[in-house]
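K.L.:
Pasting protein_7.cif below, which is mmCIF, C-alpha atoms.
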data_query
#
loop_
_atom_site.group_PDB
_atom_site.id
_atom_site.type_symbol
_atom_site.label_atom_id
_atom_site.label_comp_id
_atom_site.auth_asym_id
_atom_site.auth_seq_id
_atom_site.Cartn_x
_atom_site.Cartn_y
_atom_site.Cartn_z
ATOM 1 C CA MET A 1 -29.469 20.193 -8.424
ATOM 2 C CA GLU A 2 -30.104 18.871 -11.914
ATOM 3 C CA ASP A 3 -26.827 16.999 -11.781
ATOM 4 C CA ILE A 4 -27.671 15.378 -8.442
ATOM 5 C CA GLU A 5 -31.016 14.230 -9.805
ATOM 6 C CA GLY A 6 -29.290 12.958 -12.926
ATOM 7 C CA ARG A 7 -26.905 10.857 -10.855
ATOM 8 C CA ALA A 8 -29.744 9.389 -8.827
ATOM 9 C CA MET A 9 -31.679 8.512 -11.993
ATOM 10 C CA MET A 10 -28.560 6.959 -13.464
ATOM 11 C CA LEU A 11 -28.089 4.446 -10.633
ATOM 12 C CA LYS A 12 -31.611 4.022 -9.301
ATOM 13 C CA ASN A 13 -32.766 1.192 -11.507
ATOM 14 C CA ILE A 14 -29.638 -0.859 -11.835
ATOM 15 C CA ARG A 15 -28.080 -3.653 -9.765
ATOM 16 C CA ILE A 16 -24.452 -3.039 -8.868
ATOM 17 C CA LEU A 17 -22.065 -5.758 -7.678
ATOM 18 C CA ILE A 18 -19.118 -4.635 -5.520
ATOM 19 C CA VAL A 19 -16.262 -7.157 -5.368
ATOM 20 C CA ASP A 20 -13.519 -6.608 -2.788
ATOM 21 C CA ASP A 21 -11.879 -8.829 -0.180
ATOM 22 C CA PHE A 22 -11.861 -5.922 2.293
ATOM 23 C CA SER A 23 -15.235 -5.207 3.871
ATOM 24 C CA THR A 24 -13.985 -1.666 4.573
ATOM 25 C CA MET A 25 -13.763 -0.907 0.873
ATOM 26 C CA ARG A 26 -17.088 -2.579 0.081
ATOM 27 C CA ARG A 27 -18.715 -0.459 2.774
ATOM 28 C CA LEU A 28 -17.120 2.786 1.531
ATOM 29 C CA ILE A 29 -18.022 2.142 -2.111
ATOM 30 C CA LYS A 30 -21.562 1.136 -1.165
ATOM 31 C CA LYS A 31 -21.983 4.363 0.795
ATOM 32 C CA ILE A 32 -20.802 6.428 -2.171
ATOM 33 C CA LEU A 33 -23.154 4.592 -4.539
ATOM 34 C CA THR A 34 -26.085 4.913 -2.150
ATOM 35 C CA ASP A 35 -25.407 8.642 -1.791
ATOM 36 C CA LEU A 36 -25.492 8.802 -5.598
ATOM 37 C CA GLY A 37 -28.936 7.208 -5.665
ATOM 38 C CA ALA A 38 -28.173 3.497 -6.015
ATOM 39 C CA GLU A 39 -30.769 1.289 -4.360
ATOM 40 C CA ASP A 40 -29.710 -2.202 -5.374
ATOM 41 C CA VAL A 41 -26.098 -2.890 -4.365
ATOM 42 C CA ILE A 42 -24.848 -6.415 -3.690
ATOM 43 C CA GLU A 43 -21.421 -7.587 -2.541
ATOM 44 C CA ALA A 44 -18.891 -10.377 -3.058
ATOM 45 C CA GLU A 45 -15.586 -10.853 -1.259
ATOM 46 C CA ASN A 46 -13.611 -12.331 -4.142
ATOM 47 C CA GLY A 47 -13.799 -13.062 -7.860
ATOM 48 C CA SER A 48 -15.007 -16.601 -7.340
ATOM 49 C CA ASN A 49 -18.032 -15.529 -5.283
ATOM 50 C CA ALA A 50 -18.714 -12.750 -7.779
ATOM 51 C CA TRP A 51 -18.649 -15.223 -10.670
ATOM 52 C CA ASP A 52 -21.265 -17.357 -8.909
ATOM 53 C CA ILE A 53 -23.480 -14.308 -8.365
ATOM 54 C CA LEU A 54 -23.097 -13.161 -11.981
ATOM 55 C CA ASN A 55 -24.237 -16.573 -13.205
ATOM 56 C CA ARG A 56 -27.207 -16.542 -10.871
ATOM 57 C CA GLU A 57 -28.493 -12.972 -10.881
ATOM 58 C CA LYS A 58 -28.901 -10.093 -13.280
ATOM 59 C CA VAL A 59 -26.177 -7.495 -12.623
ATOM 60 C CA ASN A 60 -25.855 -4.214 -14.537
ATOM 61 C CA LEU A 61 -22.491 -2.961 -13.282
ATOM 62 C CA VAL A 62 -19.474 -4.612 -11.619
ATOM 63 C CA ILE A 63 -17.109 -2.571 -9.436
ATOM 64 C CA CYS A 64 -14.148 -4.803 -8.666
ATOM 65 C CA ASP A 65 -10.838 -4.878 -6.790
ATOM 66 C CA TRP A 66 -7.752 -6.387 -8.446
ATOM 67 C CA ASN A 67 -5.842 -8.299 -5.732
ATOM 68 C CA MET A 68 -8.092 -10.848 -4.053
ATOM 69 C CA PRO A 69 -7.716 -14.454 -2.894
ATOM 70 C CA ASN A 70 -9.438 -17.301 -4.792
ATOM 71 C CA MET A 71 -9.986 -15.288 -7.966
ATOM 72 C CA SER A 72 -8.458 -11.890 -8.755
ATOM 73 C CA GLY A 73 -10.274 -9.015 -10.404
ATOM 74 C CA MET A 74 -8.351 -9.585 -13.622
ATOM 75 C CA GLU A 75 -9.305 -13.258 -13.712
ATOM 76 C CA LEU A 76 -12.938 -12.300 -13.162
ATOM 77 C CA LEU A 77 -12.746 -9.666 -15.901
ATOM 78 C CA GLU A 78 -11.339 -12.251 -18.327
ATOM 79 C CA LYS A 79 -14.087 -14.746 -17.513
ATOM 80 C CA VAL A 80 -16.800 -12.094 -17.845
ATOM 81 C CA ARG A 81 -15.534 -10.834 -21.184
ATOM 82 C CA ALA A 82 -15.186 -14.364 -22.528
ATOM 83 C CA ASP A 83 -18.754 -15.254 -21.583
ATOM 84 C CA GLU A 84 -21.441 -14.996 -24.234
ATOM 85 C CA THR A 85 -24.153 -13.850 -21.835
ATOM 86 C CA LEU A 86 -22.148 -11.691 -19.449
ATOM 87 C CA GLY A 87 -19.577 -10.293 -21.884
ATOM 88 C CA ASP A 88 -21.016 -6.782 -22.183
ATOM 89 C CA ILE A 89 -21.429 -5.931 -18.495
ATOM 90 C CA PRO A 90 -19.758 -2.609 -17.615
ATOM 91 C CA PHE A 91 -16.780 -3.448 -15.398
ATOM 92 C CA ILE A 92 -14.954 -0.833 -13.341
ATOM 93 C CA MET A 93 -11.718 -1.805 -11.635
ATOM 94 C CA VAL A 94 -11.189 0.002 -8.302
ATOM 95 C CA THR A 95 -7.745 -0.990 -7.122
ATOM 96 C CA ALA A 96 -4.558 0.020 -5.359
ATOM 97 C CA GLU A 97 -2.678 -1.289 -8.407
ATOM 98 C CA GLY A 98 -1.994 1.964 -10.237
ATOM 99 C CA LYS A 99 1.109 1.029 -12.203
ATOM 100 C CA LYS A 100 0.978 1.649 -15.954
ATOM 101 C CA ASP A 101 1.371 -2.059 -16.688
ATOM 102 C CA ASN A 102 -1.709 -2.813 -14.612
ATOM 103 C CA VAL A 103 -3.851 -0.175 -16.313
ATOM 104 C CA THR A 104 -2.682 -1.324 -19.747
ATOM 105 C CA ALA A 105 -3.339 -4.989 -18.936
ATOM 106 C CA ALA A 106 -6.839 -4.240 -17.662
ATOM 107 C CA THR A 107 -7.610 -2.078 -20.698
ATOM 108 C CA LYS A 108 -6.480 -4.861 -23.030
ATOM 109 C CA LYS A 109 -8.784 -7.274 -21.228
ATOM 110 C CA GLY A 110 -11.742 -4.936 -21.780
ATOM 111 C CA VAL A 111 -12.151 -3.025 -18.524
ATOM 112 C CA THR A 112 -14.710 -0.209 -18.829
ATOM 113 C CA GLY A 113 -13.153 2.102 -16.246
ATOM 114 C CA TYR A 114 -10.164 2.184 -13.904
ATOM 115 C CA VAL A 115 -10.081 3.973 -10.537
ATOM 116 C CA THR A 116 -6.956 3.938 -8.397
ATOM 117 C CA LYS A 117 -7.201 3.728 -4.604
ATOM 118 C CA PRO A 118 -7.204 5.957 -2.677
ATOM 119 C CA PHE A 119 -10.075 7.755 -4.344
ATOM 120 C CA ASN A 120 -12.785 10.182 -3.352
ATOM 121 C CA ALA A 121 -16.482 10.010 -4.100
ATOM 122 C CA GLU A 122 -16.131 12.466 -6.966
ATOM 123 C CA SER A 123 -13.601 10.371 -8.894
ATOM 124 C CA LEU A 124 -15.800 7.259 -8.726
ATOM 125 C CA ARG A 125 -18.910 9.258 -9.608
ATOM 126 C CA SER A 126 -17.108 10.820 -12.561
ATOM 127 C CA LYS A 127 -16.013 7.399 -13.845
ATOM 128 C CA ILE A 128 -19.562 6.018 -13.638
ATOM 129 C CA LYS A 129 -21.006 9.118 -15.290
ATOM 130 C CA THR A 130 -18.517 8.885 -18.171
ATOM 131 C CA MET A 131 -19.286 5.197 -18.551
ATOM 132 C CA PHE A 132 -23.029 5.834 -18.874
ATOM 133 C CA ALA A 133 -22.435 8.747 -21.260
ATOM 134 C CA ASN A 134 -20.306 6.550 -23.522
ATOM 135 C CA ALA A 135 -22.880 3.763 -23.367
ATOM 136 C CA GLY A 136 -25.503 6.292 -24.493
ATOM 137 C CA LYS A 137 -23.376 7.334 -27.484
ATOM 138 C CA GLU A 138 -22.925 3.727 -28.557
ATOM 139 C CA LYS A 139 -26.683 3.114 -28.716
ATOM 140 C CA MET B 1 18.335 0.282 -0.156
ATOM 141 C CA ASN B 2 18.538 3.763 -1.562
ATOM 142 C CA LEU B 3 17.058 6.308 0.845
ATOM 143 C CA LYS B 4 15.243 8.018 -2.016
ATOM 144 C CA TYR B 5 12.919 5.008 -2.068
ATOM 145 C CA ILE B 6 11.542 5.911 1.373
ATOM 146 C CA GLU B 7 9.960 9.169 0.192
ATOM 147 C CA PRO B 8 7.226 7.518 -1.939
ATOM 148 C CA PHE B 9 6.042 5.596 1.125
ATOM 149 C CA ILE B 10 5.875 8.771 3.219
ATOM 150 C CA ALA B 11 3.989 10.666 0.502
ATOM 151 C CA ALA B 12 1.640 7.713 -0.066
ATOM 152 C CA THR B 13 0.842 7.463 3.645
ATOM 153 C CA ILE B 14 -0.077 11.139 3.862
ATOM 154 C CA HIS B 15 -2.147 10.964 0.650
ATOM 155 C CA VAL B 16 -4.076 7.812 1.591
ATOM 156 C CA LEU B 17 -5.085 9.096 5.030
ATOM 157 C CA GLU B 18 -6.007 12.515 3.675
ATOM 158 C CA THR B 19 -8.120 11.114 0.823
ATOM 159 C CA MET B 20 -9.855 8.197 2.543
ATOM 160 C CA ALA B 21 -10.037 9.376 6.164
ATOM 161 C CA PHE B 22 -9.764 13.181 5.959
ATOM 162 C CA THR B 23 -6.847 12.904 8.394
ATOM 163 C CA GLN B 24 -3.738 15.061 8.309
ATOM 164 C CA ALA B 25 -0.644 13.025 9.146
ATOM 165 C CA THR B 26 2.746 14.620 9.756
ATOM 166 C CA ALA B 27 5.907 12.608 9.201
ATOM 167 C CA GLY B 28 8.748 12.687 11.714
ATOM 168 C CA GLU B 29 12.372 11.793 11.134
ATOM 169 C CA ALA B 30 13.170 8.366 9.678
ATOM 170 C CA TYR B 31 15.420 6.058 11.686
ATOM 171 C CA LEU B 32 16.924 2.583 11.590
ATOM 172 C CA LYS B 33 14.914 0.096 13.613
ATOM 173 C CA ASP B 34 16.851 -2.606 15.424
ATOM 174 C CA ASP B 35 14.135 -4.895 16.787
ATOM 175 C CA GLN B 36 10.906 -6.515 15.633
ATOM 176 C CA THR B 37 8.564 -5.014 18.201
ATOM 177 C CA ALA B 38 5.723 -3.099 16.601
ATOM 178 C CA MET B 39 5.297 0.548 17.532
ATOM 179 C CA GLY B 40 1.538 0.255 17.948
ATOM 180 C CA ASP B 41 -1.466 -1.883 18.840
ATOM 181 C CA VAL B 42 -2.473 -3.046 15.370
ATOM 182 C CA SER B 43 -0.263 -3.533 12.311
ATOM 183 C CA GLY B 44 -0.770 -4.240 8.642
ATOM 184 C CA ILE B 45 2.062 -5.957 6.759
ATOM 185 C CA ILE B 46 2.446 -6.462 3.036
ATOM 186 C CA GLY B 47 5.134 -8.180 1.001
ATOM 187 C CA MET B 48 6.448 -6.648 -2.218
ATOM 188 C CA THR B 49 8.448 -8.366 -4.941
ATOM 189 C CA GLY B 50 10.103 -7.262 -8.165
ATOM 190 C CA LYS B 51 12.804 -8.307 -10.601
ATOM 191 C CA GLU B 52 15.558 -6.346 -8.873
ATOM 192 C CA SER B 53 14.362 -6.091 -5.288
ATOM 193 C CA SER B 54 11.850 -7.264 -2.755
ATOM 194 C CA GLY B 55 10.769 -6.241 0.709
ATOM 195 C CA THR B 56 7.980 -5.482 3.123
ATOM 196 C CA LEU B 57 5.955 -2.531 4.306
ATOM 197 C CA SER B 58 4.271 -2.454 7.690
ATOM 198 C CA VAL B 59 1.990 0.174 9.185
ATOM 199 C CA SER B 60 1.506 0.129 12.977
ATOM 200 C CA PHE B 61 -1.215 2.240 14.551
ATOM 201 C CA THR B 62 -1.761 3.120 18.193
ATOM 202 C CA LYS B 63 -5.304 2.373 19.332
ATOM 203 C CA ASN B 64 -6.368 6.024 19.522
ATOM 204 C CA SER B 65 -4.990 6.924 16.107
ATOM 205 C CA ILE B 66 -6.651 4.046 14.234
ATOM 206 C CA LEU B 67 -9.997 4.442 16.023
ATOM 207 C CA ALA B 68 -10.106 8.074 14.892
ATOM 208 C CA ILE B 69 -8.956 7.272 11.351
ATOM 209 C CA VAL B 70 -11.504 4.509 10.757
ATOM 210 C CA SER B 71 -14.270 6.530 12.427
ATOM 211 C CA ASN B 72 -13.493 9.290 9.919
ATOM 212 C CA MET B 73 -13.523 6.824 7.022
ATOM 213 C CA PHE B 74 -16.954 5.440 7.908
ATOM 214 C CA GLY B 75 -18.512 8.578 9.339
ATOM 215 C CA ASP B 76 -19.431 6.511 12.429
ATOM 216 C CA GLU B 77 -17.672 6.490 15.769
ATOM 217 C CA ILE B 78 -15.841 3.228 16.454
ATOM 218 C CA THR B 79 -14.628 2.714 20.023
ATOM 219 C CA GLU B 80 -12.894 -0.674 20.085
ATOM 220 C CA LEU B 81 -10.284 -2.595 18.124
ATOM 221 C CA ASN B 82 -12.703 -4.948 16.383
ATOM 222 C CA ASN B 83 -12.690 -6.810 13.074
ATOM 223 C CA GLU B 84 -13.748 -3.668 11.213
ATOM 224 C CA ILE B 85 -10.589 -1.965 12.432
ATOM 225 C CA LYS B 86 -8.420 -4.927 11.441
ATOM 226 C CA ASP B 87 -9.986 -5.013 7.991
ATOM 227 C CA ALA B 88 -9.462 -1.262 7.570
ATOM 228 C CA VAL B 89 -5.803 -1.514 8.602
ATOM 229 C CA GLY B 90 -5.315 -4.171 5.922
ATOM 230 C CA GLU B 91 -6.881 -1.965 3.272
ATOM 231 C CA ILE B 92 -4.948 1.144 4.379
ATOM 232 C CA THR B 93 -1.700 -0.868 4.168
ATOM 233 C CA ASN B 94 -2.725 -2.103 0.727
ATOM 234 C CA MET B 95 -3.440 1.433 -0.504
ATOM 235 C CA ILE B 96 -0.190 2.880 0.877
ATOM 236 C CA SER B 97 1.739 0.080 -0.801
ATOM 237 C CA GLY B 98 -0.106 0.652 -4.089
ATOM 238 C CA GLN B 99 0.435 4.415 -4.110
ATOM 239 C CA ALA B 100 4.108 4.058 -3.172
ATOM 240 C CA ARG B 101 4.709 1.385 -5.819
ATOM 241 C CA GLN B 102 3.110 3.631 -8.433
ATOM 242 C CA LYS B 103 5.657 6.348 -7.570
ATOM 243 C CA LEU B 104 8.509 3.845 -7.389
ATOM 244 C CA GLU B 105 7.625 2.715 -10.904
ATOM 245 C CA GLU B 106 8.111 6.310 -12.080
ATOM 246 C CA MET B 107 11.568 6.112 -10.443
ATOM 247 C CA GLY B 108 12.362 2.947 -12.399
ATOM 248 C CA LYS B 109 11.621 0.377 -9.704
ATOM 249 C CA SER B 110 8.678 -1.941 -10.367
ATOM 250 C CA LEU B 111 7.261 -3.963 -7.475
ATOM 251 C CA ASP B 112 4.185 -6.155 -7.152
ATOM 252 C CA ALA B 113 2.430 -6.718 -3.845
ATOM 253 C CA ALA B 114 0.873 -9.629 -2.024
ATOM 254 C CA ILE B 115 -2.330 -9.506 0.011
ATOM 255 C CA PRO B 116 -1.724 -7.779 3.390
ATOM 256 C CA THR B 117 -2.028 -9.448 6.769
ATOM 257 C CA VAL B 118 -2.997 -7.770 10.038
ATOM 258 C CA ILE B 119 -1.631 -8.412 13.549
ATOM 259 C CA THR B 120 -2.995 -6.995 16.797
ATOM 260 C CA GLY B 121 -1.894 -6.887 20.440
ATOM 261 C CA ILE B 122 0.321 -4.750 22.651
ATOM 262 C CA ASN B 123 4.025 -5.198 21.802
ATOM 263 C CA HIS B 124 3.280 -7.624 18.988
ATOM 264 C CA SER B 125 6.133 -8.535 16.670
ATOM 265 C CA ILE B 126 6.557 -7.637 13.045
ATOM 266 C CA LYS B 127 8.747 -9.956 11.028
ATOM 267 C CA HIS B 128 9.883 -8.390 7.797
ATOM 268 C CA ILE B 129 10.592 -11.017 5.185
ATOM 269 C CA THR B 130 14.301 -10.325 4.901
ATOM 270 C CA THR B 131 17.154 -9.728 7.313
ATOM 271 C CA TYR B 132 17.885 -6.393 5.709
ATOM 272 C CA PRO B 133 17.677 -3.177 7.733
ATOM 273 C CA ILE B 134 14.321 -1.712 8.554
ATOM 274 C CA ILE B 135 13.650 1.993 8.164
ATOM 275 C CA ALA B 136 10.925 3.348 10.456
ATOM 276 C CA VAL B 137 9.102 6.631 9.933
ATOM 277 C CA PRO B 138 6.938 7.936 12.785
ATOM 278 C CA PHE B 139 3.792 9.931 11.992
ATOM 279 C CA SER B 140 1.603 12.062 14.202
ATOM 280 C CA THR B 141 -2.067 12.962 13.838
ATOM 281 C CA ASP B 142 -4.413 15.007 16.031
ATOM 282 C CA ASN B 143 -5.613 11.746 17.574
ATOM 283 C CA GLY B 144 -2.411 9.801 18.103
ATOM 284 C CA ASP B 145 0.661 8.394 16.441
ATOM 285 C CA PHE B 146 1.494 5.610 14.032
ATOM 286 C CA THR B 147 4.629 4.295 12.366
ATOM 287 C CA ILE B 148 5.450 2.851 8.972
ATOM 288 C CA GLU B 149 8.380 0.482 8.489
ATOM 289 C CA ILE B 150 9.998 -0.272 5.178
ATOM 290 C CA CYS B 151 12.451 -3.074 4.492
ATOM 291 C CA LEU B 152 13.627 -3.156 0.896
ATOM 292 C CA GLU B 153 16.549 -5.201 -0.310
ATOM 293 C CA GLU B 154 18.085 -4.174 -3.566
ATOM 294 C CA GLU B 155 20.538 -6.265 -5.557
ATOM 295 C CA GLY B 156 22.318 -7.334 -2.364
ATOM 296 C CA VAL B 157 23.080 -3.782 -1.220
ATOM 297 C CA SER B 158 21.737 -2.861 2.179
ATOM 298 C CA LEU B 159 21.014 0.560 3.544
ATOM 299 C CA ARG B 160 22.976 -0.232 6.713
ATOM 300 C CA ARG B 161 26.133 -0.600 4.643
ATOM 301 C CA LYS B 162 25.416 2.658 2.876
ATOM 302 C CA ILE B 163 25.148 4.608 6.089
ATOM 303 C CA GLY B 164 28.300 3.089 7.557
ATOM 304 C CA ARG B 165 27.024 0.380 9.894
ATOM 305 C CA GLU B 166 27.689 -3.321 9.810
ATOM 306 C CA THR B 167 25.617 -5.279 7.306
ATOM 307 C CA PRO B 168 23.552 -7.986 9.019
#
If you took the structure in this file and wrote it as C-alpha cells, what would it be?

P.N.:
Amino acid sequence: MEDIEGRAMMLKNIRILIVDDFSTMRRLIKKILTDLGAEDVIEAENGSNAWDILNREKVNLVICDWNMPNMSGMELLEKVRADETLGDIPFIMVTAEGKKDNVTAATKKGVTGYVTKPFNAESLRSKIKTMFANAGKEK
Amino acid sequence: MNLKYIEPFIAATIHVLETMAFTQATAGEAYLKDDQTAMGDVSGIIGMTGKESSGTLSVSFTKNSILAIVSNMFGDEITELNNEIKDAVGEITNMISGQARQKLEEMGKSLDAAIPTVITGINHSIKHITTYPIIAVPFSTDNGDFTIEICLEEEGVSLRRKIGRETP
C-alpha cells in the first residue's frame, strides 16, 4: 500500500512527455503512467514534434521511442542533452532496439534509463522508480 | 538462409504477444512459401539490413486473431479493423523484429530495421524485398490464427538451395 502511494506521489506533480510514432504504444504507456498516479501526460508522434513541445512547455520527464520518422529518439536525446536549458531532463528510451550497440550508444549520449519493448508495467515502473531514487541521491 | 535464424523470430513472436497482449500463441511447422498472397486480413512488414545479410519480416493476422490481441492490449473490446488495429499491427511487427534481432545479435548476426508498414484487405499481397525464399510459420491462438514470414538473404546463399530445391 505504501509503495502504491509512493508511486502516485512520485508522478502526480510532474509533466511527462511520451514520444512514439505508434499511437498504440503511446496509449499503453499513458495507461501505465496514469495507473501509477500520473496526471499530466502529453504526447508527440516523433522527435521533431517533441522538440517543439520541449521548447514551448515545461516537461519533467521524457519517455521516448528510438525509431521514428522526421527525428529519431537518439537525435532528440542528442539535441536535449546539448541544450543549456533542457539538458538535465530525465530521458527514458522505450524501444524495440535492444541490441548492445544501441544500449551503449544511448548511454553514451546520456540516456537516463533504457526499457526494451516488449515490456510490462512493472519494468517501466521500476525504471522510473530507480531514476527518481538516483535523482534523490544526487541532490 | 540458415534455418537456425528462424527460431529467434518464433520465440520473439510468442514473447511479444504474451507480454503485451497476454495472449498465448502456439507455433506450427515452418514451410516454404511460394506466392506473395498474405495469410491474413492485415499484415505488418518490416525491412532489416546488416553488413552480411538483409531481409524482411511480415506478420499477417486473421481478423478474429488481431481483434482479440489488440482488445487484450488495450483492455477494451475492439470489433472492427480500424486505424487502431493497423497501428497496433505495425508496433507488434516492430517489437517482434526488435526482439528477434536482439537474439540474432547474440548468434553473431547484427541487423538494423526500418519503420514497419501495414497492409490490409482480404488476399492482399506481401512483397518481400528480395527474391530469396520465404519461410512461413503459422501460429494459433484461442481466438484465431496468424502467420509470420521471414525472408533473409545471407551472403548469396539461399535456404532453397540448402534444402535441395532450385534457387530462384

K.L.:
What's the separation between atom CA of Gly110 of chain A and atom CA of Thr49 of chain B, in Å to one decimal place?

P.N.:
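Pair atom CA of Gly110 of chain A / atom CA of Thr49 of chain B returns 26.5 Å.
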
K.L.:
Which residues, written as a list in words, have at least one atom at most 7 Å from Ile150 of chain B, with all atoms listed in the file counted and residues fewer than 3 positions away on the same chain left out?

P.N.:
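With the cut-off at 7 Å, the set is Thr56, Leu57, Ser58, Ile134, Ile135 and Ala136 of chain B.
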
K.L.:
Distance cut-off 8 Å, centre (-7.3, 0.7, 20.8) in file coordinates, counting only C-alpha atoms: which residues qualify? Return them as a VMD selection string.

P.N.:
chain B and resid 41 62 to 64 66 to 67 79 to 81

K.L.:
Please provide as a ChimeraX atom specification all residues within 12 Å of Lys4 of chain B, with the sequence filter that same-chain residues fewer than 2 positions apart are discarded (counting all atoms listed in the file).

P.N.:
/B:1-2,6-11,30,100,103-104,107-109,135,152,159

K.L.:
To verify the selection step, state as a VMD selection string which residues the PyMOL selection byres ((chain A) within 12 of (chain B)) yields on this input.

P.N.:
chain A and resid 20 to 32 65 to 70 72 94 to 103 116 to 123

K.L.:
Got a sec: who's within 9 Å of Ile128 of chain A, counting all atoms listed in the file, leaving out chain neighbours fewer than 4 positions off, as a tab-separated table (two decimals) with C-alpha atoms, in the frame of the given file?

P.N.:
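To be explicit, this is the file written out as around.tsv:
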chain	number	residue	atom	x	y	z
A	92	ILE	CA	-14.95	-0.83	-13.34
A	113	GLY	CA	-13.15	2.10	-16.25
A	123	SER	CA	-13.60	10.37	-8.89
A	124	LEU	CA	-15.80	7.26	-8.73
A	132	PHE	CA	-23.03	5.83	-18.87
A	133	ALA	CA	-22.44	8.75	-21.26

K.L.:
Pick out the closest residue to Pro116 of chain B from this set: B:Ile45, B:Ile69, B:Val59, B:Val137. Count all atoms listed in the file.

P.N.:
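Of the candidates, the smallest distance to Pro116 of chain B is held by B:Ile45.
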
K.L.:
Report as JSON, numbers by chain the full result of the PyMOL selection byres ((chain A and resi 58) around 12) when it is applied to this structure.

P.N.:
{"A": [14, 15, 16, 17, 40, 41, 42, 50, 51, 52, 53, 54, 55, 56, 57, 59, 60, 61, 62, 85, 86, 89]}

K.L.:
What's the 8 Å shell around Gly55 of chain B, counting all atoms listed in the file, without same-chain residues fewer than 4 positions away, as number ranges by chain?

P.N.:
B: 47-49, 128-130, 150-153

K.L.:
Which residues are near Thr141 of chain B? Cut-off 7 Å, only C-alpha atoms, ignore same chain within fewer than 5 positions. Put them as a PDB file with C-alpha atoms, in the coordinates of the input.

P.N.:
ATOM      1  CA  GLN B  24      -3.738  15.061   8.309  1.00  0.00           C
ATOM      2  CA  ALA B  25      -0.644  13.025   9.146  1.00  0.00           C
ATOM      3  CA  THR B  26       2.746  14.620   9.756  1.00  0.00           C
TER       4      THR B  26
END

K.L.:
Draw an axis-aligned box tight on the listed atoms of segment 73-92 of chain A, then pad every side by 6 Å and write out centre and edge lengths in Å to one decimal as AutoDock Vina command-line options.

P.N.:
--center_x -16.3 --center_y -8.0 --center_z -17.3 --size_x 27.8 --size_y 26.4 --size_z 25.8

K.L.:
Reconstruct N, CA, C and O atoms of segment 70-81 of chain B from the incomplete input and present them as a PDB file, in the frame of the given file.

P.N.:
ATOM      1  N   VAL B  70     -10.421   5.334  11.323  1.00  0.00           N
ATOM      2  CA  VAL B  70     -11.504   4.509  10.757  1.00  0.00           C
ATOM      3  C   VAL B  70     -12.873   5.146  11.030  1.00  0.00           C
ATOM      4  O   VAL B  70     -13.774   5.069  10.191  1.00  0.00           O
ATOM      5  N   SER B  71     -13.023   5.801  12.163  1.00  0.00           N
ATOM      6  CA  SER B  71     -14.270   6.530  12.427  1.00  0.00           C
ATOM      7  C   SER B  71     -14.485   7.595  11.357  1.00  0.00           C
ATOM      8  O   SER B  71     -15.599   7.788  10.865  1.00  0.00           O
ATOM      9  N   ASN B  72     -13.407   8.282  10.985  1.00  0.00           N
ATOM     10  CA  ASN B  72     -13.493   9.290   9.919  1.00  0.00           C
ATOM     11  C   ASN B  72     -13.846   8.651   8.583  1.00  0.00           C
ATOM     12  O   ASN B  72     -14.633   9.193   7.800  1.00  0.00           O
ATOM     13  N   MET B  73     -13.259   7.500   8.304  1.00  0.00           N
ATOM     14  CA  MET B  73     -13.523   6.824   7.022  1.00  0.00           C
ATOM     15  C   MET B  73     -14.998   6.474   6.888  1.00  0.00           C
ATOM     16  O   MET B  73     -15.613   6.669   5.847  1.00  0.00           O
ATOM     17  N   PHE B  74     -15.573   5.936   7.965  1.00  0.00           N
ATOM     18  CA  PHE B  74     -16.954   5.440   7.908  1.00  0.00           C
ATOM     19  C   PHE B  74     -17.991   6.517   8.240  1.00  0.00           C
ATOM     20  O   PHE B  74     -19.176   6.357   7.964  1.00  0.00           O
ATOM     21  N   GLY B  75     -17.541   7.589   8.891  1.00  0.00           N
ATOM     22  CA  GLY B  75     -18.512   8.578   9.339  1.00  0.00           C
ATOM     23  C   GLY B  75     -19.303   8.102  10.546  1.00  0.00           C
ATOM     24  O   GLY B  75     -20.341   8.662  10.885  1.00  0.00           O
ATOM     25  N   ASP B  76     -18.817   7.049  11.207  1.00  0.00           N
ATOM     26  CA  ASP B  76     -19.431   6.511  12.429  1.00  0.00           C
ATOM     27  C   ASP B  76     -18.341   6.355  13.482  1.00  0.00           C
ATOM     28  O   ASP B  76     -17.221   5.949  13.154  1.00  0.00           O
ATOM     29  N   GLU B  77     -18.684   6.629  14.730  1.00  0.00           N
ATOM     30  CA  GLU B  77     -17.672   6.490  15.769  1.00  0.00           C
ATOM     31  C   GLU B  77     -17.448   5.019  16.113  1.00  0.00           C
ATOM     32  O   GLU B  77     -18.392   4.287  16.424  1.00  0.00           O
ATOM     33  N   ILE B  78     -16.199   4.598  16.071  1.00  0.00           N
ATOM     34  CA  ILE B  78     -15.841   3.228  16.454  1.00  0.00           C
ATOM     35  C   ILE B  78     -14.963   3.331  17.700  1.00  0.00           C
ATOM     36  O   ILE B  78     -14.024   4.133  17.745  1.00  0.00           O
ATOM     37  N   THR B  79     -15.283   2.525  18.721  1.00  0.00           N
ATOM     38  CA  THR B  79     -14.628   2.714  20.023  1.00  0.00           C
ATOM     39  C   THR B  79     -13.764   1.536  20.463  1.00  0.00           C
ATOM     40  O   THR B  79     -13.150   1.581  21.516  1.00  0.00           O
ATOM     41  N   GLU B  80     -13.741   0.461  19.680  1.00  0.00           N
ATOM     42  CA  GLU B  80     -12.894  -0.674  20.085  1.00  0.00           C
ATOM     43  C   GLU B  80     -12.171  -1.277  18.886  1.00  0.00           C
ATOM     44  O   GLU B  80     -12.610  -1.142  17.745  1.00  0.00           O
ATOM     45  N   LEU B  81     -11.075  -1.967  19.183  1.00  0.00           N
ATOM     46  CA  LEU B  81     -10.284  -2.595  18.124  1.00  0.00           C
ATOM     47  C   LEU B  81     -10.972  -3.899  17.695  1.00  0.00           C
ATOM     48  O   LEU B  81     -10.634  -4.971  18.167  1.00  0.00           O
TER      49      LEU B  81
END
